[in-house]
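With mmCIF, C-alpha atoms inside, this is start-v1.cif:
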data_upload
#
loop_
_atom_site.label_atom_id
_atom_site.label_comp_id
_atom_site.auth_asym_id
_atom_site.auth_seq_id
_atom_site.Cartn_x
_atom_site.Cartn_y
_atom_site.Cartn_z
CA MET A 16 53.65 39.60 113.64
CA PHE A 17 51.78 42.86 113.40
CA PRO A 18 49.14 43.36 116.14
CA HIS A 19 46.45 44.60 113.68
CA SER A 20 46.83 41.97 110.96
CA ARG A 21 43.62 40.15 111.99
CA ALA A 22 41.45 43.19 112.02
CA LYS A 23 38.49 43.00 109.59
CA GLY A 24 36.56 45.68 107.85
CA GLN A 25 33.67 46.07 105.43
CA LEU A 26 33.84 47.75 102.11
CA PHE A 27 30.61 49.61 101.58
CA SER A 28 30.46 52.12 98.87
CA GLU A 29 27.73 53.97 97.01
CA ASP A 30 28.57 51.93 93.92
CA LEU A 31 27.84 48.72 95.78
CA LEU A 32 24.62 50.16 97.17
CA PHE A 33 23.38 51.15 93.72
CA ALA A 34 24.41 47.79 92.31
CA MET A 35 22.41 45.98 95.02
CA ILE A 36 19.35 48.15 94.43
CA PHE A 37 19.60 47.53 90.70
CA VAL A 38 19.99 43.76 91.09
CA THR A 39 17.06 43.65 93.54
CA PHE A 40 14.93 45.61 91.06
CA LEU A 41 15.86 43.21 88.26
CA LEU A 42 15.04 40.17 90.39
CA ALA A 43 11.68 41.65 91.42
CA LEU A 44 10.87 42.53 87.81
CA TYR A 45 11.79 39.01 86.70
CA ALA A 46 9.58 37.47 89.39
CA ILE A 47 6.59 39.64 88.47
CA LEU A 48 7.00 39.06 84.74
CA ALA A 49 7.47 35.31 85.21
CA SER A 50 4.25 35.09 87.22
CA ARG A 51 2.38 37.16 84.63
CA VAL A 52 3.69 34.99 81.78
CA THR A 53 2.71 31.82 83.66
CA TYR A 54 -0.74 33.26 84.24
CA ALA A 55 -1.10 34.20 80.56
CA ALA A 56 0.01 30.71 79.47
CA ASP A 57 -2.48 29.07 81.85
CA ASP A 58 -5.15 31.45 80.61
CA TYR A 59 -4.41 30.53 76.99
CA LEU A 60 -4.60 26.83 77.83
CA LEU A 61 -7.91 27.30 79.65
CA ARG A 62 -9.25 29.32 76.74
CA GLU A 63 -8.39 26.56 74.28
CA GLN A 64 -9.95 23.95 76.58
CA LEU A 65 -13.12 26.02 76.90
CA ARG A 66 -13.25 26.50 73.15
CA GLY A 67 -12.88 22.72 72.70
CA ASP A 68 -15.57 22.02 75.29
CA ALA A 69 -17.98 24.43 73.58
CA GLN A 70 -17.29 22.96 70.12
CA ASP A 71 -17.75 19.42 71.43
CA ALA A 72 -20.99 20.27 73.23
CA ALA A 73 -22.44 21.93 70.11
CA ALA A 74 -21.32 19.02 67.92
CA GLN A 75 -22.92 16.62 70.37
CA LEU A 76 -26.21 18.52 70.34
CA VAL A 77 -26.43 18.82 66.56
CA GLY A 78 -24.82 15.56 65.52
CA SER A 79 -25.88 12.94 68.03
CA PRO A 80 -29.22 11.56 69.19
CA GLY A 81 -27.98 11.35 72.77
CA ALA A 82 -27.55 8.27 74.93
CA PRO A 83 -29.89 6.58 75.45
CA MET A 84 -31.55 7.58 72.20
CA ASN A 85 -34.92 8.06 73.90
CA TRP A 86 -33.51 10.23 76.70
CA HIS A 87 -36.22 12.83 76.09
CA GLN A 88 -38.89 10.39 77.22
CA ALA A 89 -37.28 9.72 80.61
CA GLN A 90 -36.38 11.64 83.75
CA VAL A 91 -32.80 12.86 84.10
CA ASN A 92 -30.92 10.22 86.06
CA ASP A 93 -27.51 8.64 86.38
CA SER A 94 -28.12 6.18 83.56
CA MET A 95 -28.41 9.07 81.14
CA GLN A 96 -25.04 9.52 79.43
CA SER A 97 -25.38 12.38 76.99
CA LEU A 98 -27.86 14.75 75.42
CA GLY A 99 -28.29 15.10 71.68
CA LEU A 100 -30.98 16.73 69.60
CA ALA A 101 -30.50 14.88 66.33
CA GLY A 102 -33.24 12.62 65.04
CA ARG A 103 -30.77 11.79 62.33
CA ARG A 104 -27.52 13.54 61.44
CA GLY A 105 -28.08 17.24 60.85
CA VAL A 106 -31.83 16.99 61.39
CA LEU A 107 -33.08 17.87 64.83
CA SER A 108 -35.96 16.20 66.60
CA GLN A 109 -38.66 18.63 67.70
CA GLU A 110 -39.36 16.58 70.85
CA LYS A 111 -35.71 16.42 71.86
CA ALA A 112 -35.18 20.14 71.25
CA ALA A 113 -38.24 21.02 73.32
CA LYS A 114 -37.15 18.70 76.14
CA PHE A 115 -33.58 19.97 76.15
CA PHE A 116 -34.58 23.61 76.44
CA SER A 117 -37.17 22.89 79.12
CA LEU A 118 -34.62 20.86 81.13
CA ALA A 119 -31.92 23.50 80.85
CA ALA A 120 -34.35 26.26 81.82
CA ASP A 121 -35.17 24.40 85.05
CA SER A 122 -32.70 25.63 87.67
CA ASP A 123 -32.76 22.21 89.37
CA GLU A 124 -31.76 20.45 86.15
CA TYR A 125 -29.37 23.07 84.75
CA ASN A 126 -26.33 21.42 86.32
CA SER A 127 -27.40 17.96 85.14
CA THR A 128 -27.82 19.34 81.63
CA LYS A 129 -24.37 20.87 81.87
CA ARG A 130 -22.89 17.54 82.97
CA LEU A 131 -24.60 15.70 80.11
CA LEU A 132 -23.10 18.18 77.65
CA GLY A 133 -19.61 17.58 79.04
CA LEU A 134 -19.40 21.11 80.45
CA GLU A 135 -18.87 20.22 84.07
CA THR A 136 -15.12 19.78 84.41
CA ARG A 137 -14.19 23.46 84.41
CA ALA A 138 -17.32 24.78 86.11
CA GLU A 139 -18.50 26.43 82.95
CA ARG A 140 -21.94 27.93 82.49
CA PHE A 141 -23.82 27.93 79.20
CA ASN A 142 -26.63 29.51 77.28
CA ALA A 143 -28.25 28.25 74.09
CA THR A 144 -30.58 29.61 71.44
CA LEU A 145 -32.23 27.87 68.52
CA SER A 146 -33.44 30.33 65.91
CA LEU A 147 -34.53 30.45 62.29
CA LEU A 148 -32.22 32.14 59.79
CA ASN A 149 -34.43 35.24 59.79
CA GLY A 150 -33.74 35.63 63.51
CA THR A 151 -37.03 34.25 64.85
CA VAL A 152 -36.23 32.46 68.08
CA VAL A 153 -37.64 28.93 68.28
CA TYR A 154 -36.23 27.98 71.68
CA SER A 155 -33.95 29.86 74.01
CA LEU A 156 -32.45 29.75 77.45
CA ASN A 157 -32.06 32.83 79.56
CA ALA A 158 -28.90 31.82 81.39
CA THR A 159 -26.72 34.90 81.69
CA PRO A 160 -23.48 35.76 83.47
CA SER A 161 -23.91 36.75 87.11
CA SER A 162 -24.37 40.41 87.95
CA GLN A 163 -20.68 41.10 88.47
CA PHE A 164 -20.16 40.45 84.74
CA PRO A 165 -22.53 42.75 82.81
CA SER A 166 -21.97 40.94 79.50
CA TYR A 167 -20.40 37.82 78.03
CA GLY A 168 -17.47 39.89 76.82
CA GLN A 169 -16.68 40.87 80.40
CA THR A 170 -16.59 37.36 81.80
CA ASN A 171 -13.15 35.84 82.17
CA ILE A 172 -13.46 33.64 79.10
CA THR A 173 -16.38 33.19 76.70
CA SER A 174 -16.69 30.94 73.69
CA THR A 175 -19.59 31.16 71.25
CA VAL A 176 -20.30 28.37 68.78
CA THR A 177 -22.81 28.51 65.94
CA ARG A 178 -24.01 25.42 64.12
CA LEU A 179 -26.65 25.00 61.43
CA ALA A 180 -29.17 22.16 61.31
CA VAL A 181 -32.66 21.38 60.11
CA LEU A 182 -35.76 21.44 62.31
CA ASN A 183 -39.24 20.75 60.92
CA GLY A 184 -38.00 21.27 57.35
CA SER A 185 -36.45 24.68 58.08
CA ILE A 186 -32.80 25.56 58.56
CA VAL A 187 -32.13 26.62 62.13
CA LYS A 188 -29.13 28.09 63.85
CA LEU A 189 -27.98 26.72 67.19
CA THR A 190 -25.93 29.25 69.13
CA LEU A 191 -24.20 27.89 72.19
CA VAL A 192 -22.41 30.29 74.52
CA VAL A 193 -20.09 28.83 77.16
CA TRP A 194 -18.30 30.97 79.70
CA LEU A 195 -16.22 30.96 82.85
CA GLU A 196 -16.76 33.50 85.57
CA MET B 144 44.25 63.88 95.62
CA ASN B 145 40.56 64.45 95.02
CA ASN B 146 38.35 61.62 96.40
CA GLU B 147 35.02 63.09 95.39
CA LYS B 148 32.77 60.93 93.24
CA ALA B 149 30.37 61.90 90.52
CA PHE B 150 27.76 60.28 88.30
CA ILE B 151 28.06 60.29 84.57
CA PHE B 152 24.60 61.01 83.20
CA THR B 153 24.40 61.14 79.45
CA THR B 154 21.64 61.35 76.85
CA ASP B 155 22.40 57.72 75.94
CA ALA B 156 21.66 56.61 79.47
CA LEU B 157 18.48 58.68 79.56
CA LEU B 158 17.27 57.15 76.31
CA ALA B 159 18.08 53.67 77.60
CA VAL B 160 16.05 54.29 80.76
CA ILE B 161 13.09 55.59 78.73
CA LEU B 162 13.27 52.63 76.35
CA SER B 163 13.45 50.14 79.23
CA ALA B 164 10.47 51.76 80.94
CA PHE B 165 8.49 51.62 77.69
CA LEU B 166 9.35 47.94 77.14
CA ILE B 167 8.36 47.05 80.69
CA TYR B 168 5.06 48.95 80.33
CA ALA B 169 4.33 47.30 76.95
CA THR B 170 5.04 43.84 78.36
CA PHE B 171 2.73 44.34 81.31
CA SER B 172 -0.09 45.80 79.24
CA THR B 173 0.16 42.95 76.70
CA LEU B 174 0.00 40.34 79.42
CA ASP B 175 -2.93 42.07 81.09
CA ARG B 176 -4.87 42.22 77.83
CA ALA B 177 -4.86 38.42 77.59
CA ALA B 178 -6.96 38.18 80.76
CA ALA B 179 -10.43 38.77 79.26
CA PHE B 180 -11.26 36.85 76.12
CA GLU B 181 -14.29 36.27 73.93
CA ASP B 182 -14.09 33.75 71.13
CA ARG B 183 -16.83 33.84 68.51
CA THR B 184 -15.21 31.87 65.73
CA THR B 185 -16.82 28.54 65.02
CA PRO B 186 -14.48 26.63 62.67
CA VAL B 187 -15.34 27.49 59.06
CA GLN B 188 -15.13 23.85 58.04
CA ARG B 189 -17.88 22.78 60.44
CA VAL B 190 -20.22 25.63 59.57
CA SER B 191 -19.63 25.05 55.85
CA GLU B 192 -20.45 21.36 56.13
CA ASP B 193 -23.52 22.19 58.22
CA ALA B 194 -24.72 24.71 55.63
CA LEU B 195 -24.32 22.30 52.71
CA ALA B 196 -25.99 19.44 54.59
CA ALA B 197 -28.89 21.67 55.64
CA MET B 198 -29.32 23.05 52.12
CA GLU B 199 -29.37 19.55 50.68
CA GLU B 200 -31.78 18.29 53.33
CA THR B 201 -34.24 21.12 52.73
CA GLY B 202 -33.96 20.78 48.93
CA ILE B 203 -32.46 24.23 48.46
CA LEU B 204 -29.52 22.97 46.41
CA ALA B 205 -31.69 20.94 44.03
CA ARG B 206 -34.30 23.70 43.74
CA SER B 207 -31.68 26.34 43.06
CA LEU B 208 -30.21 24.23 40.28
CA GLN B 209 -33.58 23.39 38.74
CA GLU B 210 -34.86 26.96 38.81
CA THR B 211 -31.46 28.63 38.31
CA ARG B 212 -31.86 31.02 41.20
CA THR B 213 -29.70 31.88 44.16
CA ASP B 214 -31.95 33.76 46.58
CA GLU B 215 -32.43 30.82 48.96
CA ILE B 216 -28.70 30.06 49.03
CA ARG B 217 -27.94 33.71 49.76
CA SER B 218 -30.49 33.62 52.56
CA VAL B 219 -28.66 30.67 54.14
CA LEU B 220 -25.30 32.39 53.71
CA GLY B 221 -26.76 35.44 55.46
CA GLY B 222 -27.40 33.28 58.52
CA LEU B 223 -23.78 32.20 58.91
CA PRO B 224 -21.88 33.42 62.00
CA SER B 225 -21.08 37.11 61.89
CA GLY B 226 -17.70 37.83 60.36
CA MET B 227 -17.76 34.71 58.21
CA CYS B 228 -17.73 35.12 54.44
CA ALA B 229 -18.70 32.31 52.12
CA GLU B 230 -19.40 31.55 48.49
CA VAL B 231 -21.38 28.60 47.16
CA ASP B 232 -20.70 27.26 43.66
CA ILE B 233 -22.87 24.60 42.09
CA TYR B 234 -21.50 22.39 39.34
CA ALA B 235 -23.52 20.10 37.09
CA ASN B 236 -21.56 17.55 35.08
CA SER B 237 -18.37 19.29 36.25
CA SER B 238 -19.41 22.62 34.72
CA PRO B 239 -20.15 25.65 36.92
CA VAL B 240 -23.83 26.52 36.81
CA LEU B 241 -24.59 28.77 39.77
CA SER B 242 -22.63 30.93 42.16
CA ALA B 243 -23.82 32.88 45.20
CA SER B 244 -21.91 34.66 47.90
CA ARG B 245 -22.70 36.38 51.15
CA THR B 246 -23.30 40.03 50.54
CA GLY B 247 -21.04 42.62 52.06
CA CYS B 248 -17.86 40.65 52.44
CA SER B 249 -15.24 38.83 50.45
CA CYS B 250 -12.58 36.18 50.96
CA ALA B 251 -10.28 37.82 48.40
CA ASP B 252 -7.81 38.98 51.05
CA ALA B 253 -8.27 36.05 53.44
CA GLN B 254 -5.17 34.35 54.73
CA GLU B 255 -6.97 31.05 55.12
CA LEU B 256 -9.73 29.62 52.91
CA THR B 257 -11.67 26.51 53.78
CA ALA B 258 -13.72 24.48 51.34
CA ALA B 259 -16.37 21.80 51.73
CA ARG B 260 -18.08 19.86 49.01
CA ARG B 261 -21.30 17.86 48.76
CA SER B 262 -22.75 15.81 45.91
CA PHE B 263 -26.46 15.72 45.25
CA VAL B 264 -28.96 14.74 42.61
CA ALA B 265 -31.51 17.13 41.11
CA LEU B 266 -34.39 16.34 38.81
CA ASN B 267 -34.68 18.08 35.47
CA GLY B 268 -38.02 16.95 34.10
CA SER B 269 -37.77 13.19 34.06
CA SER B 270 -33.98 13.08 33.96
CA GLN B 271 -31.57 13.25 36.88
CA ILE B 272 -28.71 15.69 37.09
CA GLU B 273 -25.67 14.70 39.11
CA ALA B 274 -24.34 17.83 40.68
CA HIS B 275 -22.10 18.97 43.47
CA ALA B 276 -21.99 22.07 45.56
CA GLU B 277 -18.81 23.61 46.89
CA ILE B 278 -18.63 26.19 49.61
CA THR B 279 -15.52 28.22 50.29
CA GLY B 280 -15.42 30.28 53.42
CA CYS B 281 -13.24 32.42 55.60
CA TYR B 282 -13.37 34.91 58.44
CA ASP B 283 -12.78 38.45 57.21
#

Mind converting the file's structure to structure tokens?
Amino acid sequence: MFPHSRAKGQLFSEDLLFAMIFVTFLLALYAILASRVTYAADDYLLREQLRGDAQDAAAQLVGSPGAPMNWHQAQVNDSMQSLGLAGRRGVLSQEKAAKFFSLAADSDEYNSTKRLLGLETRAERFNATLSLLNGTVVYSLNATPSSQFPSYGQTNITSTVTRLAVLNGSIVKLTLVVWLE
Amino acid sequence: MNNEKAFIFTTDALLAVILSAFLIYATFSTLDRAAAFEDRTTPVQRVSEDALAAMEETGILARSLQETRTDEIRSVLGGLPSGMCAEVDIYANSSPVLSASRTGCSCADAQELTAARRSFVALNGSSQIEAHAEITGCYD
């Protein structure tokens, strides 16, 4: 038996070093890209959910009388299930529209209004305007994105829905803006 | 025997490195762009149905047919969401009578057209006219 047969050594060459650097770079790149892709997919999902929430809230306002139907004559409480402005389908009630905009403009009731529009689950915020076709504003809210987002377009996600209806014999445009900050 | 090593560095390799860098940059910038998003497109179908229902409710459809004018319909079309084009056609007894479209845009090149239809009755003197209005719309 040779005395040095059990001796061990390491093979370490420049080729191996470069190969390890390259593989590490590829793994890091894969990890970063995978996280970005996951983020983009989540973002897309959230965007679609927000869009759906905004469409549903606008449809509820224009198409339903709310529950209970005389919600505009009562105080906001837990028995109130939803808000709707329709006296009948496509025709808005003046009293309900006035009550809705006064409730939403009240900072104490803004969150309740949001909940009754189904906009609570993703911590959305909303703004609404009811205007005539010539641009004359009938009712409006002044909810805006917080100061770190100078405009709707600079919030994380914004969805704007426009619906037409009739109020006092005139065609009006309801514009509902829902956004996430 | 010469044990010295050397790198082979060719134009092919250089181009491959540049291409890879470009692809990586493009991927990152595309993914970053998805972060901020503003959606302003209410479904055409809903807005079209709203517009027809509102025009029927306010008597615009019947009045337009009786007086053969389109100014009120065009006014309603002008109030549709920005970027949406639409055309309203009114038929009486299955024959086209009136047509009005939103000024300044056209659905001629649209990839997707949506239509909604609504029947209504208009008075012509003492007789009734059964008519229907059709709106076709798109985002340009």

Note to self: Taking the file as I've supplied it (selection: the PyMOL selection byres ((chain A) within 7 of (chain B))), which residues are included? Please answer as a count of residues only.
What the structure shows: 23

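From CA of Leu107 in chain A back to CA of Leu182 in chain A, the distance works out to 5.1 Å.
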
Margin query: Between CA of Leu189 in chain A and CA of Met95 in chain A, what is the distance in Å, rounded to a tenth?
Written below: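 Going from CA of Leu189 in chain A over to CA of Met95 in chain A, I get 22.5 Å.
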
Notebook entry, point to check: Which residues, protein or nucleic acid, reach to within 12 Å of (-37.0, 17.7, 89.4) in the file's coordinates when using all atoms listed in the file, and can you give that as a PyMOL selection string?
Noted result: chain A and resi 89-92+117-127

Store the residues picked out above, limited to C-alpha atoms, as a PDB file, keeping the file's coordinate frame.
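File produced: result01.pdb:
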ATOM      1  CA  ALA A  89     -37.280   9.720  80.610  1.00  0.00           C
ATOM      2  CA  GLN A  90     -36.380  11.640  83.750  1.00  0.00           C
ATOM      3  CA  VAL A  91     -32.800  12.860  84.100  1.00  0.00           C
ATOM      4  CA  ASN A  92     -30.920  10.220  86.060  1.00  0.00           C
ATOM      5  CA  SER A 117     -37.170  22.890  79.120  1.00  0.00           C
ATOM      6  CA  LEU A 118     -34.620  20.860  81.130  1.00  0.00           C
ATOM      7  CA  ALA A 119     -31.920  23.500  80.850  1.00  0.00           C
ATOM      8  CA  ALA A 120     -34.350  26.260  81.820  1.00  0.00           C
ATOM      9  CA  ASP A 121     -35.170  24.400  85.050  1.00  0.00           C
ATOM     10  CA  SER A 122     -32.700  25.630  87.670  1.00  0.00           C
ATOM     11  CA  ASP A 123     -32.760  22.210  89.370  1.00  0.00           C
ATOM     12  CA  GLU A 124     -31.760  20.450  86.150  1.00  0.00           C
ATOM     13  CA  TYR A 125     -29.370  23.070  84.750  1.00  0.00           C
ATOM     14  CA  ASN A 126     -26.330  21.420  86.320  1.00  0.00           C
ATOM     15  CA  SER A 127     -27.400  17.960  85.140  1.00  0.00           C
TER      16      SER A 127
END

Next item on the list: Go ahead and compute the interatomic distance for CA of Ser242 in chain B and CA of Glu230 in chain B, in Å to one decimal.
Entry: 7.1 Å

Next item on the list: Could you tell me which residues the PyMOL selection byres ((chain B and resi 228) around 9) returns for this structure, as a list in words?
Entry: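 The output of the PyMOL selection byres ((chain B and resi 228) around 9) on this file is Leu220, Leu223, Pro224, Ser225, Gly226, Met227, Ala229, Glu230, Ser244, Arg245, Thr246, Gly247, Cys248, Ser249, Cys250, Thr279, Gly280, Cys281, Tyr282 and Asp283 of chain B.
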
Margin query: Show me, as number ranges by chain, the residues that have an atom within 7 Å of Leu147 in chain A when counting all atoms listed in the file, minus same-chain residues fewer than 6 positions from it.
Written below: A: 153, 186-188

Next item on the list: Please identify all polymer residues within 6 Å of range 68-82 of chain A, counting all atoms listed in the file, omitting same-chain residues fewer than 2 positions from it, and present them as a list in words.
Entry: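 Once the adjacent positions are removed, what remains is Leu65, Arg66, Met84, Gln96, Ser97, Leu98, Gly99, Leu100, Ala101, Gly102, Arg104, Gly105 and Leu132 of chain A.
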